[in-house]
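> Sharing model_36.cif, mmCIF, C-alpha atoms and all ligand atoms:
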data_my_file
loop_
_atom_site.label_atom_id
_atom_site.label_comp_id
_atom_site.auth_asym_id
_atom_site.auth_seq_id
_atom_site.Cartn_x
_atom_site.Cartn_y
_atom_site.Cartn_z
CA MET A 1 -41.63 137.22 13.97
CA ASP A 2 -39.17 135.42 11.72
CA LYS A 3 -36.90 132.67 12.96
CA ILE A 4 -34.08 131.15 10.95
CA TYR A 5 -31.94 128.25 12.14
CA VAL A 6 -28.20 127.95 11.72
CA GLU A 7 -27.79 124.18 11.44
CA LEU A 8 -24.51 123.09 13.01
CA GLY A 9 -25.40 119.83 14.75
CA ASP A 10 -25.17 120.24 18.53
CA ARG A 11 -24.05 123.87 18.03
CA SER A 12 -27.22 124.82 16.08
CA TYR A 13 -29.06 128.00 17.07
CA PRO A 14 -31.92 130.26 16.03
CA ILE A 15 -31.73 133.79 14.67
CA TYR A 16 -34.78 135.81 15.71
CA ILE A 17 -35.74 138.72 13.45
CA GLU A 18 -37.92 141.13 15.42
CA ALA A 19 -39.04 144.77 15.39
CA ASP A 20 -38.45 145.40 19.13
CA PHE A 21 -36.89 143.76 22.19
CA SER A 22 -40.11 142.31 23.65
CA GLY A 23 -39.26 138.73 22.61
CA LEU A 24 -35.80 138.73 24.22
CA GLY A 25 -36.96 137.14 27.49
CA SER A 26 -38.75 134.29 25.75
CA ALA A 27 -35.73 133.71 23.49
CA LEU A 28 -33.63 133.32 26.65
CA LYS A 29 -36.17 130.93 28.17
CA GLU A 30 -36.43 128.89 24.98
CA ALA A 31 -32.66 128.46 25.03
CA GLY A 32 -32.89 127.32 28.67
CA LEU A 33 -30.57 130.10 29.85
CA CYS A 34 -32.43 131.74 32.71
CA GLY A 35 -29.63 131.79 35.32
CA ARG A 36 -27.19 134.67 35.58
CA VAL A 37 -26.63 136.99 32.63
CA MET A 38 -24.03 139.71 32.12
CA VAL A 39 -24.95 142.14 29.35
CA VAL A 40 -21.76 143.47 27.73
CA THR A 41 -22.23 146.65 25.77
CA ASP A 42 -20.43 149.87 24.80
CA SER A 43 -20.98 153.39 26.09
CA ASN A 44 -23.07 154.44 23.04
CA VAL A 45 -25.38 151.44 22.73
CA GLY A 46 -25.65 151.17 26.52
CA ARG A 47 -27.26 154.60 26.71
CA LEU A 48 -29.90 153.59 24.17
CA TYR A 49 -30.83 149.97 24.84
CA LEU A 50 -29.20 148.57 27.98
CA GLU A 51 -32.05 149.26 30.39
CA THR A 52 -34.74 147.85 28.07
CA CYS A 53 -32.72 144.70 27.39
CA MET A 54 -31.90 144.14 31.07
CA ASN A 55 -35.58 144.50 31.94
CA GLU A 56 -36.62 142.03 29.23
CA LEU A 57 -34.02 139.49 30.38
CA SER A 58 -34.99 139.95 34.05
CA SER A 59 -38.64 139.43 33.19
CA ALA A 60 -37.66 135.96 31.97
CA GLY A 61 -36.36 135.18 35.45
CA ALA A 62 -32.65 135.85 34.81
CA GLN A 63 -30.42 137.58 37.35
CA VAL A 64 -28.93 140.34 35.21
CA CYS A 65 -25.91 142.65 35.53
CA SER A 66 -23.99 144.70 32.97
CA HIS A 67 -20.49 145.61 31.85
CA VAL A 68 -20.10 148.79 29.80
CA PHE A 69 -16.84 149.57 27.96
CA GLU A 70 -15.80 152.66 26.00
CA ALA A 71 -17.19 152.59 22.44
CA GLY A 72 -14.77 152.13 19.54
CA GLU A 73 -12.33 149.75 17.84
CA LYS A 74 -9.61 150.92 20.28
CA SER A 75 -11.40 148.93 23.01
CA LYS A 76 -11.22 145.69 21.02
CA ASN A 77 -8.23 144.33 22.91
CA LEU A 78 -7.19 141.95 25.69
CA ASP A 79 -7.38 144.73 28.32
CA THR A 80 -11.13 145.04 27.80
CA VAL A 81 -11.47 141.25 27.85
CA GLN A 82 -9.58 141.20 31.17
CA ASP A 83 -11.97 143.82 32.57
CA ILE A 84 -14.84 141.50 31.65
CA TYR A 85 -13.07 138.48 33.26
CA ARG A 86 -12.52 140.57 36.42
CA GLN A 87 -16.21 141.35 36.72
CA LEU A 88 -17.19 137.76 35.93
CA THR A 89 -14.92 136.40 38.68
CA ALA A 90 -15.85 139.13 41.18
CA GLN A 91 -19.51 138.25 40.68
CA ARG A 92 -18.74 134.51 40.76
CA PHE A 93 -20.13 133.77 37.32
CA ASP A 94 -20.00 130.00 36.80
CA ARG A 95 -20.23 127.60 33.88
CA GLY A 96 -24.02 127.91 33.79
CA SER A 97 -23.90 131.71 33.41
CA VAL A 98 -24.40 133.68 30.21
CA ILE A 99 -22.90 136.70 28.45
CA ALA A 100 -25.23 138.78 26.27
CA ALA A 101 -23.38 140.84 23.65
CA LEU A 102 -25.48 143.96 23.01
CA GLY A 103 -24.10 146.18 20.27
CA GLY A 104 -22.11 146.25 17.05
CA GLY A 105 -19.25 144.16 15.69
CA VAL A 106 -16.68 145.18 18.30
CA THR A 107 -19.00 144.21 21.17
CA GLY A 108 -19.97 140.87 19.63
CA ASP A 109 -16.36 139.89 18.92
CA LEU A 110 -15.09 140.99 22.36
CA ALA A 111 -17.90 139.57 24.46
CA GLY A 112 -17.96 136.38 22.38
CA PHE A 113 -14.23 135.91 22.98
CA ALA A 114 -14.64 136.48 26.73
CA ALA A 115 -17.42 133.84 26.71
CA ALA A 116 -15.32 131.43 24.64
CA THR A 117 -12.44 131.57 27.13
CA TYR A 118 -13.93 132.21 30.60
CA MET A 119 -13.98 128.85 32.44
CA ARG A 120 -13.15 127.20 29.08
CA GLY A 121 -16.38 128.48 27.57
CA ILE A 122 -19.71 129.72 28.89
CA SER A 123 -22.86 130.41 26.85
CA TYR A 124 -23.32 133.71 25.08
CA VAL A 125 -26.03 135.30 22.99
CA GLN A 126 -25.75 137.97 20.33
CA ILE A 127 -28.04 141.03 20.30
CA PRO A 128 -26.59 142.94 17.33
CA THR A 129 -27.65 146.58 16.95
CA SER A 130 -25.59 147.77 13.96
CA LEU A 131 -26.24 146.77 10.35
CA LEU A 132 -22.74 145.31 10.06
CA ALA A 133 -23.37 143.09 13.08
CA GLN A 134 -26.93 142.15 12.06
CA ALA A 135 -25.86 141.31 8.52
CA ASP A 136 -22.59 139.62 9.22
CA SER A 137 -20.52 139.51 12.40
CA SER A 138 -23.15 138.27 14.91
CA ILE A 139 -23.73 135.09 12.88
CA GLY A 140 -21.18 132.34 12.51
CA GLY A 141 -19.22 132.33 15.76
CA LYS A 142 -16.15 134.38 14.88
CA THR A 143 -14.95 135.99 18.10
CA GLY A 144 -11.72 137.79 18.90
CA VAL A 145 -9.70 140.93 19.50
CA ASP A 146 -6.97 142.98 17.83
CA PHE A 147 -3.38 142.47 19.02
CA GLU A 148 -0.12 144.32 18.26
CA GLY A 149 -1.84 146.30 15.52
CA VAL A 150 -3.23 143.24 13.71
CA LYS A 151 -7.01 143.06 13.52
CA ASN A 152 -8.76 139.96 14.93
CA ILE A 153 -5.47 138.06 15.26
CA VAL A 154 -6.40 136.53 18.66
CA GLY A 155 -9.72 134.73 18.74
CA ALA A 156 -11.81 131.59 18.58
CA PHE A 157 -14.64 130.08 16.61
CA TYR A 158 -17.39 129.89 19.22
CA GLN A 159 -21.07 129.83 18.31
CA PRO A 160 -23.69 131.84 20.24
CA ARG A 161 -26.79 130.15 21.68
CA PHE A 162 -29.03 132.51 19.73
CA VAL A 163 -28.94 135.75 17.77
CA TYR A 164 -31.69 138.30 18.45
CA ILE A 165 -32.04 141.00 15.80
CA ASN A 166 -34.25 144.03 16.44
CA ILE A 167 -34.33 145.69 13.01
CA ASN A 168 -35.52 148.98 14.47
CA THR A 169 -32.19 149.59 16.23
CA LEU A 170 -30.97 150.64 12.76
CA ARG A 171 -33.00 153.85 13.22
CA THR A 172 -30.59 155.13 15.87
CA LEU A 173 -27.46 154.24 13.90
CA PRO A 174 -25.45 157.20 12.55
CA LEU A 175 -26.09 157.42 8.78
CA ARG A 176 -22.41 156.78 8.00
CA GLU A 177 -22.53 153.53 10.01
CA LEU A 178 -25.72 152.45 8.24
CA ARG A 179 -24.08 153.04 4.86
CA SER A 180 -20.98 151.19 6.04
CA GLY A 181 -23.05 148.14 7.04
CA LEU A 182 -24.69 148.17 3.62
CA ALA A 183 -21.34 147.28 2.08
CA GLU A 184 -21.54 143.84 3.78
CA VAL A 185 -25.19 143.52 2.72
CA ILE A 186 -24.35 144.26 -0.92
CA LYS A 187 -21.40 141.86 -0.59
CA HIS A 188 -23.80 139.04 0.36
CA GLY A 189 -25.83 139.62 -2.79
CA LEU A 190 -22.69 139.70 -4.91
CA ILE A 191 -21.23 136.46 -3.55
CA ARG A 192 -24.31 134.23 -3.51
CA ASP A 193 -27.63 135.80 -4.43
CA ALA A 194 -28.04 137.86 -7.60
CA GLY A 195 -31.78 138.29 -6.88
CA PHE A 196 -30.93 139.84 -3.50
CA PHE A 197 -28.43 142.19 -5.14
CA ASP A 198 -31.21 143.33 -7.52
CA TYR A 199 -33.59 143.79 -4.59
CA ILE A 200 -31.09 146.06 -2.79
CA ARG A 201 -30.44 148.01 -5.99
CA MET A 202 -34.17 148.61 -6.57
CA ASN A 203 -35.14 149.25 -2.92
CA MET A 204 -32.35 151.45 -1.62
CA HIS A 205 -34.83 154.25 -0.82
CA LYS A 206 -36.93 151.87 1.30
CA ILE A 207 -33.89 150.69 3.23
CA PHE A 208 -32.87 154.28 4.01
CA GLY A 209 -36.52 155.05 4.86
CA PHE A 210 -36.45 152.18 7.45
CA ASP A 211 -39.39 150.50 5.74
CA GLU A 212 -40.03 147.49 7.99
CA THR A 213 -40.96 145.10 5.18
CA ALA A 214 -37.81 145.99 3.27
CA LEU A 215 -35.61 145.74 6.38
CA ARG A 216 -37.09 142.33 7.20
CA HIS A 217 -36.49 141.11 3.66
CA VAL A 218 -32.92 142.40 3.70
CA THR A 219 -32.22 140.85 7.12
CA LYS A 220 -33.71 137.49 6.16
CA SER A 221 -31.75 137.37 2.90
CA ASN A 222 -28.55 138.36 4.70
CA CYS A 223 -29.00 135.71 7.34
CA SER A 224 -29.76 133.08 4.70
CA VAL A 225 -26.57 133.83 2.76
CA LYS A 226 -24.42 133.97 5.89
CA LYS A 227 -25.87 130.86 7.51
CA GLY A 228 -25.61 128.91 4.24
CA VAL A 229 -21.89 129.61 4.04
CA VAL A 230 -21.23 128.97 7.75
CA GLU A 231 -23.16 125.68 7.67
CA GLN A 232 -20.95 124.44 4.86
CA ASP A 233 -17.65 125.67 6.31
CA GLU A 234 -17.89 126.67 9.97
CA LYS A 235 -14.14 127.09 10.57
CA GLU A 236 -13.12 128.69 7.27
CA SER A 237 -11.18 125.83 5.80
CA GLY A 238 -12.39 126.78 2.34
CA LEU A 239 -15.75 128.19 1.23
CA ARG A 240 -16.19 130.65 4.13
CA ALA A 241 -13.37 132.73 2.66
CA ILE A 242 -15.86 133.99 0.02
CA LEU A 243 -17.30 136.23 2.76
CA ASN A 244 -14.06 138.19 2.42
CA LEU A 245 -14.98 139.71 -0.96
CA GLY A 246 -13.37 143.17 -1.00
CA HIS A 247 -11.39 142.49 2.18
CA THR A 248 -7.85 141.99 0.77
CA PHE A 249 -7.81 145.50 -0.70
CA GLY A 250 -10.20 146.71 2.01
CA HIS A 251 -8.15 145.75 5.09
CA ALA A 252 -5.03 147.35 3.61
CA ILE A 253 -6.92 150.57 2.80
CA GLU A 254 -8.43 150.60 6.29
CA SER A 255 -4.98 150.37 7.80
CA VAL A 256 -3.42 153.01 5.50
CA SER A 257 -6.31 155.36 6.32
CA GLY A 258 -5.29 155.04 9.99
CA PHE A 259 -8.81 153.70 10.62
CA THR A 260 -10.35 157.06 9.69
CA LEU A 261 -12.37 155.20 7.06
CA LEU A 262 -14.97 152.76 8.40
CA HIS A 263 -14.64 149.03 7.75
CA GLY A 264 -17.60 148.95 5.35
CA GLU A 265 -16.29 151.97 3.44
CA CYS A 266 -13.00 150.12 2.91
CA VAL A 267 -14.83 146.92 1.94
CA SER A 268 -16.78 148.96 -0.61
CA ILE A 269 -13.56 150.29 -2.18
CA GLY A 270 -12.17 146.75 -1.95
CA ILE A 271 -15.20 145.32 -3.78
CA ALA A 272 -14.64 147.87 -6.56
CA GLY A 273 -11.00 146.70 -6.58
CA ALA A 274 -11.98 143.02 -6.77
CA PHE A 275 -14.30 143.67 -9.74
CA ARG A 276 -11.61 145.77 -11.47
CA LEU A 277 -9.04 143.03 -10.91
CA ALA A 278 -11.43 140.35 -12.18
CA GLN A 279 -12.17 142.51 -15.22
CA LYS A 280 -8.45 142.77 -16.02
CA MET A 281 -8.20 138.99 -15.66
CA GLY A 282 -11.03 138.56 -18.19
CA MET A 283 -13.48 137.16 -15.62
CA VAL A 284 -16.23 139.83 -15.84
CA GLY A 285 -17.08 142.58 -18.29
CA ASN A 286 -16.94 146.33 -17.82
CA ALA A 287 -20.75 146.64 -17.56
CA VAL A 288 -20.82 144.42 -14.46
CA THR A 289 -18.11 146.46 -12.71
CA GLU A 290 -19.97 149.67 -13.54
CA GLU A 291 -23.25 148.31 -12.20
CA VAL A 292 -21.63 147.23 -8.95
CA GLU A 293 -19.85 150.57 -8.46
CA LYS A 294 -23.08 152.44 -9.23
CA THR A 295 -24.94 150.43 -6.58
CA LEU A 296 -22.25 151.02 -3.95
CA GLU A 297 -22.32 154.75 -4.74
CA ALA A 298 -26.12 154.79 -4.54
CA ALA A 299 -25.71 153.44 -0.99
CA GLY A 300 -23.50 156.46 -0.28
CA LEU A 301 -20.34 154.34 -0.19
CA PRO A 302 -16.94 155.27 -1.63
CA VAL A 303 -15.46 153.23 -4.49
CA ARG A 304 -12.14 155.11 -4.55
CA ALA A 305 -9.46 155.75 -1.93
CA SER A 306 -8.69 159.07 -3.60
CA GLY A 307 -5.25 160.47 -2.90
CA MET A 308 -3.94 157.41 -1.05
CA ASP A 309 -0.48 156.13 -1.98
CA PRO A 310 -0.95 152.87 -3.98
CA GLN A 311 2.52 151.64 -2.93
CA ARG A 312 1.53 151.96 0.73
CA ILE A 313 -1.67 149.99 0.15
CA PHE A 314 0.31 147.28 -1.66
CA ALA A 315 2.91 147.15 1.14
CA GLU A 316 0.09 146.83 3.68
CA MET A 317 -1.45 143.96 1.69
CA LEU A 318 1.90 142.14 1.77
CA HIS A 319 2.29 142.86 5.50
CA ASP A 320 -1.19 141.50 6.23
CA LYS A 321 -0.41 138.40 4.15
CA LYS A 322 2.82 137.84 6.12
CA ALA A 323 1.18 138.44 9.51
CA LYS A 324 -1.45 135.83 8.66
CA GLY A 325 1.13 133.46 7.18
CA GLY A 326 -0.76 133.05 3.92
CA LYS A 327 -0.85 133.94 0.25
CA LEU A 328 -2.20 137.05 -1.43
CA ASN A 329 -5.70 135.68 -1.96
CA PHE A 330 -8.57 137.55 -3.58
CA VAL A 331 -12.24 136.70 -3.73
CA LEU A 332 -13.09 137.49 -7.34
CA PRO A 333 -16.44 137.59 -9.12
CA VAL A 334 -17.37 135.09 -11.81
CA ARG A 335 -20.70 136.87 -12.26
CA ILE A 336 -23.05 138.75 -9.93
CA GLY A 337 -24.07 136.14 -7.35
CA GLU A 338 -21.01 133.91 -7.79
CA VAL A 339 -17.38 134.30 -6.73
CA THR A 340 -14.20 132.26 -6.57
CA VAL A 341 -10.96 132.55 -4.58
CA ARG A 342 -7.72 133.10 -6.52
CA THR A 343 -4.13 133.72 -5.49
CA VAL A 344 -2.82 136.75 -7.38
CA GLU A 345 0.77 137.82 -6.88
CA ASP A 346 1.33 139.69 -10.15
CA GLU A 347 2.54 142.97 -8.68
CA LYS A 348 2.18 144.90 -11.95
CA LEU A 349 -1.47 143.88 -12.32
CA LEU A 350 -2.27 144.69 -8.69
CA MET A 351 -0.57 148.08 -8.97
CA GLU A 352 -2.68 148.84 -12.07
CA VAL A 353 -5.83 148.19 -10.02
CA LEU A 354 -4.54 150.18 -7.04
CA LYS A 355 -3.68 153.17 -9.26
CA GLU A 356 -7.27 153.15 -10.56
CA LEU A 357 -8.61 152.91 -7.00
CA VAL A 358 -6.75 155.97 -5.74
CA ARG A 359 -7.76 158.25 -8.63
N1 LIG A 401 -17.24 138.15 8.44
C1 LIG A 401 -16.74 137.04 7.74
C2 LIG A 401 -17.04 135.73 8.38
O1 LIG A 401 -17.83 135.66 9.29
O2 LIG A 401 -16.47 134.74 8.01
#
What does the file become when written as C-alpha cells?

Amino acid sequence: MDKIYVELGDRSYPIYIEADFSGLGSALKEAGLCGRVMVVTDSNVGRLYLETCMNELSSAGAQVCSHVFEAGEKSKNLDTVQDIYRQLTAQRFDRGSVIAALGGGVTGDLAGFAAATYMRGISYVQIPTSLLAQADSSIGGKTGVDFEGVKNIVGAFYQPRFVYININTLRTLPLRELRSGLAEVIKHGLIRDAGFFDYIRMNMHKIFGFDETALRHVTKSNCSVKKGVVEQDEKESGLRAILNLGHTFGHAIESVSGFTLLHGECVSIGIAGAFRLAQKMGMVGNAVTEEVEKTLEAAGLPVRASGMDPQRIFAEMLHDKKAKGGKLNFVLPVRIGEVTVRTVEDEKLLMEVLKELVR
C-alpha cells in the first residue's frame, strides 16, 4: 500500500494507492467517517464496482446507500445535482454524513459539488476509477458542473477527506478512455517532471499491459506532481494554471468537435499546439516538439484535429476567454519538465499554429 499526503493545513488528506478495494473500509474508519454514506456513481461504473464498494464501506460500520445517474458528460449539470440533493434530504442526511464519489471525472466533480453545497458542506471522499480521475481530477478539490454550454462554470474548491485509488480499475476502462487519461499523465511529466516523462516514454508497453509496478509508479508520480502544485496554489491564483497545459487549444477543439473527441484527446492535440506555439516564439526547438508528439502518438493519442476549421477553433478560444472573463493565456514549455504561462493575442501567430494542427 502506498499513501501520499496532500498537505493543506486543516484540509490535508491522504491519497491511498491500492490494487483492490479491500482497504476502503479502513480508510473510512481512519478518517473518522463511519456514519451514513451515500455512494454516488454512474450507470457504467455502478455495474462494475458499486456492490463491492458498498460492502467494504458497510464492513467498516457505515450505513450505506447509493445514487446512480446516467453515465456521460450530459449528466454533469444542476439537474443531476438536484437529484442528489433530493435523495439526501429524503434520507435525512445530516452534516455528519458523507458522499463517496465512485467513478470518473464527471462523477467526482458532480458528487463533490453536491457535497460542497448540501447543508453548506458535508464530507466527501473520492474513489476515482478512470485514469483521468486517478491522475488528475480526484485530487485538488475542484468540483462543479457545466452550465449553459460552458464547462465547469459553476463550482467550488472543496477538498475531499481522502482519495482511494484502486489501480486495477483501469483494466475495465475502454481502451480509448485509457489513452485519453494518458494525455493528463504525459502532461504532468511535461510540466514538472522530465524524469517521469522519460519513464512514460520508455514504459508505455507496461502501462498498456497493466503491469502493477508500472501503474503504481505512474500513479505515485502523478499524485506527487498534482499534490505539489495544489499545495502551493490551492485556489488557482497563479501556479495551478500550469495544470492547464494544452487546455486553451484543447477546450476549443473539444467544443468544435461537438464533444465527439474525448477531453484527453483534445488535450493531446492542445499540447502539440502549445509546443508548436512555443517553438514559433523561440522557446523550444523542433526536436523537443517532435519528441513530445511522438510520445503522444505512441500512447495512441491524436496530435492533429484533421479537417477542423481553424477559424472556428479560434472563435471558440475567444468565446471561452470571454465567458471566463480573462485573457487568452497559454501554458507554454520552457523545456520538458518546465512550463510558464503567457498571454498570446497575436492572431496571425495563433492561426499559423491552428492551420498546422488541422492538417
Ligand atoms: N485539472 C486541473 C486542476 O485540477 O487544476
> Using all atoms listed in the file, tabulate the residues of chain A lying at most 6 Å from any atom of ligand LIG 401 (chain A), each with its closest atom pair and that distance in Å to one decimal, by chain and increasing residue number, as CSV.

residue,atom,partner,partner_atom,distance
A:Asp136,CA,A:LIG401,N1,5.6
A:Ser137,CA,A:LIG401,N1,5.3
A:Gly140,CA,A:LIG401,O1,5.7
A:Lys142,CA,A:LIG401,O1,6.0
A:Arg240,CA,A:LIG401,O2,5.6
A:Leu243,CA,A:LIG401,C1,5.1
> Name the residues in contact with A:Glu293 at a cut-off of 12 Å, using all atoms listed in the file, excluding same-chain residues fewer than 3 positions from it; report them as a ChimeraX atom specification.
/A:183,186-187,190,201,268-276,286-290,296-304,357
> Using all atoms listed in the file, find each residue in stretch 238-300 of chain A having at least one atom no more than 8 Å away from stretch 329-340 of chain A; report its shortest atom-to-atom pair and that distance in Å (one decimal), rows by chain then rising number, as CSV.

residue,atom,partner,partner_atom,distance
A:Ala241,CA,A:Val331,CA,7.6
A:Ile242,CA,A:Val331,CA,5.9
A:Asn244,CA,A:Val331,CA,6.6
A:Leu245,CA,A:Val331,CA,4.9
A:Gly246,CA,A:Val331,CA,7.1
A:Thr248,CA,A:Phe330,CA,6.3
A:Ala274,CA,A:Leu332,CA,5.7
A:Phe275,CA,A:Pro333,CA,6.5
A:Leu277,CA,A:Leu332,CA,7.7
A:Ala278,CA,A:Leu332,CA,5.9
A:Met283,CA,A:Val334,CA,5.8
A:Val284,CA,A:Val334,CA,6.3
A:Val288,CA,A:Ile336,CA,7.6
> Could you work out how far atom CA of A:Glu73 lies from atom CA of A:Asn152, giving the answer in Å with one decimal?
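If I compute the distance from atom CA of A:Asn152 to atom CA of A:Glu73, I get 10.8 Å.
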> Give me, please, the distance in Å between atom CA of A:Tyr158 and atom CA of A:Ser75, quoted to one decimal.
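Atom CA of A:Ser75 lies at a distance of 20.3 Å from atom CA of A:Tyr158.
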> If we count all atoms listed in the file and set the cut-off at 12 Å, which residues sit around A:Phe157, ignoring sequence neighbours fewer than 6 positions away in its own chain? Please answer as a list in words.
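So the residues in contact are Arg11, Asp109, Gly112, Phe113, Ala114, Ala115, Ala116, Thr117, Gly121, Ser137, Ser138, Ile139, Gly140, Gly141, Lys142, Thr143, Gly144, Val230, Asp233, Glu234, Lys235 and Glu236 of chain A.
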> May I have the residues from that selection written out with C-alpha atoms, as a short mmCIF file (atom, residue, chain, number, x, y, z; two decimals), keeping the file's coordinate frame?

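Generated file (result_20.cif):
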data_model
loop_
_atom_site.label_atom_id
_atom_site.label_comp_id
_atom_site.auth_asym_id
_atom_site.auth_seq_id
_atom_site.Cartn_x
_atom_site.Cartn_y
_atom_site.Cartn_z
CA ARG A 11 -24.05 123.87 18.03
CA ASP A 109 -16.36 139.89 18.92
CA GLY A 112 -17.96 136.38 22.38
CA PHE A 113 -14.23 135.91 22.98
CA ALA A 114 -14.64 136.48 26.73
CA ALA A 115 -17.42 133.84 26.71
CA ALA A 116 -15.32 131.43 24.64
CA THR A 117 -12.44 131.57 27.13
CA GLY A 121 -16.38 128.48 27.57
CA SER A 137 -20.52 139.51 12.40
CA SER A 138 -23.15 138.27 14.91
CA ILE A 139 -23.73 135.09 12.88
CA GLY A 140 -21.18 132.34 12.51
CA GLY A 141 -19.22 132.33 15.76
CA LYS A 142 -16.15 134.38 14.88
CA THR A 143 -14.95 135.99 18.10
CA GLY A 144 -11.72 137.79 18.90
CA VAL A 230 -21.23 128.97 7.75
CA ASP A 233 -17.65 125.67 6.31
CA GLU A 234 -17.89 126.67 9.97
CA LYS A 235 -14.14 127.09 10.57
CA GLU A 236 -13.12 128.69 7.27
#
> Rank nothing, just name the residue among A:Leu78, A:Phe210, A:Val45, A:Ala31 nearest to A:Tyr124, using only C-alpha atoms.
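With only C-alpha atoms as the atom set, the closest residue is A:Ala31.
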> Closest to A:Ile207 among A:Leu131, A:Ala71, A:Val154, A:Val145, using all atoms listed in the file?
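Smallest separation from A:Ile207 among the options: A:Leu131.
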> At most 12 Å is the cut-off: for each residue in stretch 90-172 of chain A with any atom that close to an atom of stretch 213-224 of chain A, write down the nearest atom pair and the distance in Å rounded to one decimal, counting all atoms listed in the file, chain first then increasing number, as JSON lines.

{"residue": "A:Pro128", "atom": "CA", "partner": "A:Thr219", "partner_atom": "CA", "distance": 11.8}
{"residue": "A:Ser130", "atom": "CA", "partner": "A:Thr219", "partner_atom": "CA", "distance": 11.8}
{"residue": "A:Leu131", "atom": "CA", "partner": "A:Thr219", "partner_atom": "CA", "distance": 9.0}
{"residue": "A:Leu132", "atom": "CA", "partner": "A:Asn222", "partner_atom": "CA", "distance": 10.5}
{"residue": "A:Ala133", "atom": "CA", "partner": "A:Thr219", "partner_atom": "CA", "distance": 10.9}
{"residue": "A:Gln134", "atom": "CA", "partner": "A:Thr219", "partner_atom": "CA", "distance": 7.4}
{"residue": "A:Ala135", "atom": "CA", "partner": "A:Asn222", "partner_atom": "CA", "distance": 5.5}
{"residue": "A:Asp136", "atom": "CA", "partner": "A:Asn222", "partner_atom": "CA", "distance": 7.6}
{"residue": "A:Ser137", "atom": "CA", "partner": "A:Cys223", "partner_atom": "CA", "distance": 10.6}
{"residue": "A:Ser138", "atom": "CA", "partner": "A:Cys223", "partner_atom": "CA", "distance": 9.9}
{"residue": "A:Ile139", "atom": "CA", "partner": "A:Cys223", "partner_atom": "CA", "distance": 7.7}
{"residue": "A:Gly140", "atom": "CA", "partner": "A:Cys223", "partner_atom": "CA", "distance": 10.0}
{"residue": "A:Val163", "atom": "CA", "partner": "A:Cys223", "partner_atom": "CA", "distance": 10.4}
{"residue": "A:Tyr164", "atom": "CA", "partner": "A:Thr219", "partner_atom": "CA", "distance": 11.6}
{"residue": "A:Ile165", "atom": "CA", "partner": "A:Thr219", "partner_atom": "CA", "distance": 8.7}
{"residue": "A:Asn166", "atom": "CA", "partner": "A:Arg216", "partner_atom": "CA", "distance": 9.8}
{"residue": "A:Ile167", "atom": "CA", "partner": "A:Leu215", "partner_atom": "CA", "distance": 6.8}
{"residue": "A:Asn168", "atom": "CA", "partner": "A:Leu215", "partner_atom": "CA", "distance": 8.7}
{"residue": "A:Thr169", "atom": "CA", "partner": "A:Leu215", "partner_atom": "CA", "distance": 11.1}
{"residue": "A:Leu170", "atom": "CA", "partner": "A:Leu215", "partner_atom": "CA", "distance": 9.3}
{"residue": "A:Arg171", "atom": "CA", "partner": "A:Leu215", "partner_atom": "CA", "distance": 10.9}
> Taking only C-alpha atoms into account, which of A:Asp198, A:Ile191, A:Ala90, A:Phe208 comes nearest A:Leu175?
A:Phe208
> Skipping near chain neighbours, those fewer than 4 positions away, what residues fall within 9 Å of A:Asp320 using all atoms listed in the file, listed as a ChimeraX atom specification?
/A:150,248,251-252,315-316,324-326,328
> Expressed in Å to a single decimal, how great is the separation between atom CA of A:Cys266 and atom CA of A:Asp79?
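Here the two named atoms are 26.6 Å from each other.
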> Have a look at A:Val344, A:Leu102, A:Ile84, A:Ile17 and name the one nearest to A:Met317; count all atoms listed in the file.
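Answer, going by the shortest atom-to-atom distance: A:Val344.
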> Check the smallest atom-to-atom distance from each of A:Lys74, A:Thr343, A:Gly228, A:Ser97 to A:Phe259 using all atoms listed in the file, then report the winner.
A:Lys74
> Since the input lacks some atoms of stretch 113-123 of chain A, please model N, CA and C atoms and print them as a tab-separated table (two decimals), keeping the file's coordinate frame.

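Output below, filename selection38.tsv:
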chain	number	residue	atom	x	y	z
A	113	PHE	N	-15.54	136.48	22.63
A	113	PHE	CA	-14.23	135.91	22.98
A	113	PHE	C	-14.13	135.70	24.49
A	114	ALA	N	-14.64	136.65	25.27
A	114	ALA	CA	-14.64	136.48	26.73
A	114	ALA	C	-15.44	135.23	27.09
A	115	ALA	N	-16.59	135.03	26.44
A	115	ALA	CA	-17.42	133.84	26.71
A	115	ALA	C	-16.71	132.57	26.29
A	116	ALA	N	-16.00	132.62	25.17
A	116	ALA	CA	-15.32	131.43	24.64
A	116	ALA	C	-14.21	130.96	25.58
A	117	THR	N	-13.63	131.90	26.36
A	117	THR	CA	-12.44	131.57	27.13
A	117	THR	C	-12.66	131.51	28.65
A	118	TYR	N	-13.68	132.22	29.15
A	118	TYR	CA	-13.93	132.21	30.60
A	118	TYR	C	-14.37	130.80	31.01
A	119	MET	N	-13.70	130.21	31.96
A	119	MET	CA	-13.98	128.85	32.44
A	119	MET	C	-14.06	127.84	31.28
A	120	ARG	N	-13.22	128.04	30.29
A	120	ARG	CA	-13.15	127.20	29.08
A	120	ARG	C	-14.44	127.23	28.26
A	121	GLY	N	-15.21	128.31	28.43
A	121	GLY	CA	-16.38	128.48	27.57
A	121	GLY	C	-17.69	128.48	28.32
A	122	ILE	N	-18.34	129.66	28.35
A	122	ILE	CA	-19.71	129.72	28.89
A	122	ILE	C	-20.63	130.17	27.74
A	123	SER	N	-21.93	130.05	27.93
A	123	SER	CA	-22.86	130.41	26.85
A	123	SER	C	-22.87	131.91	26.61
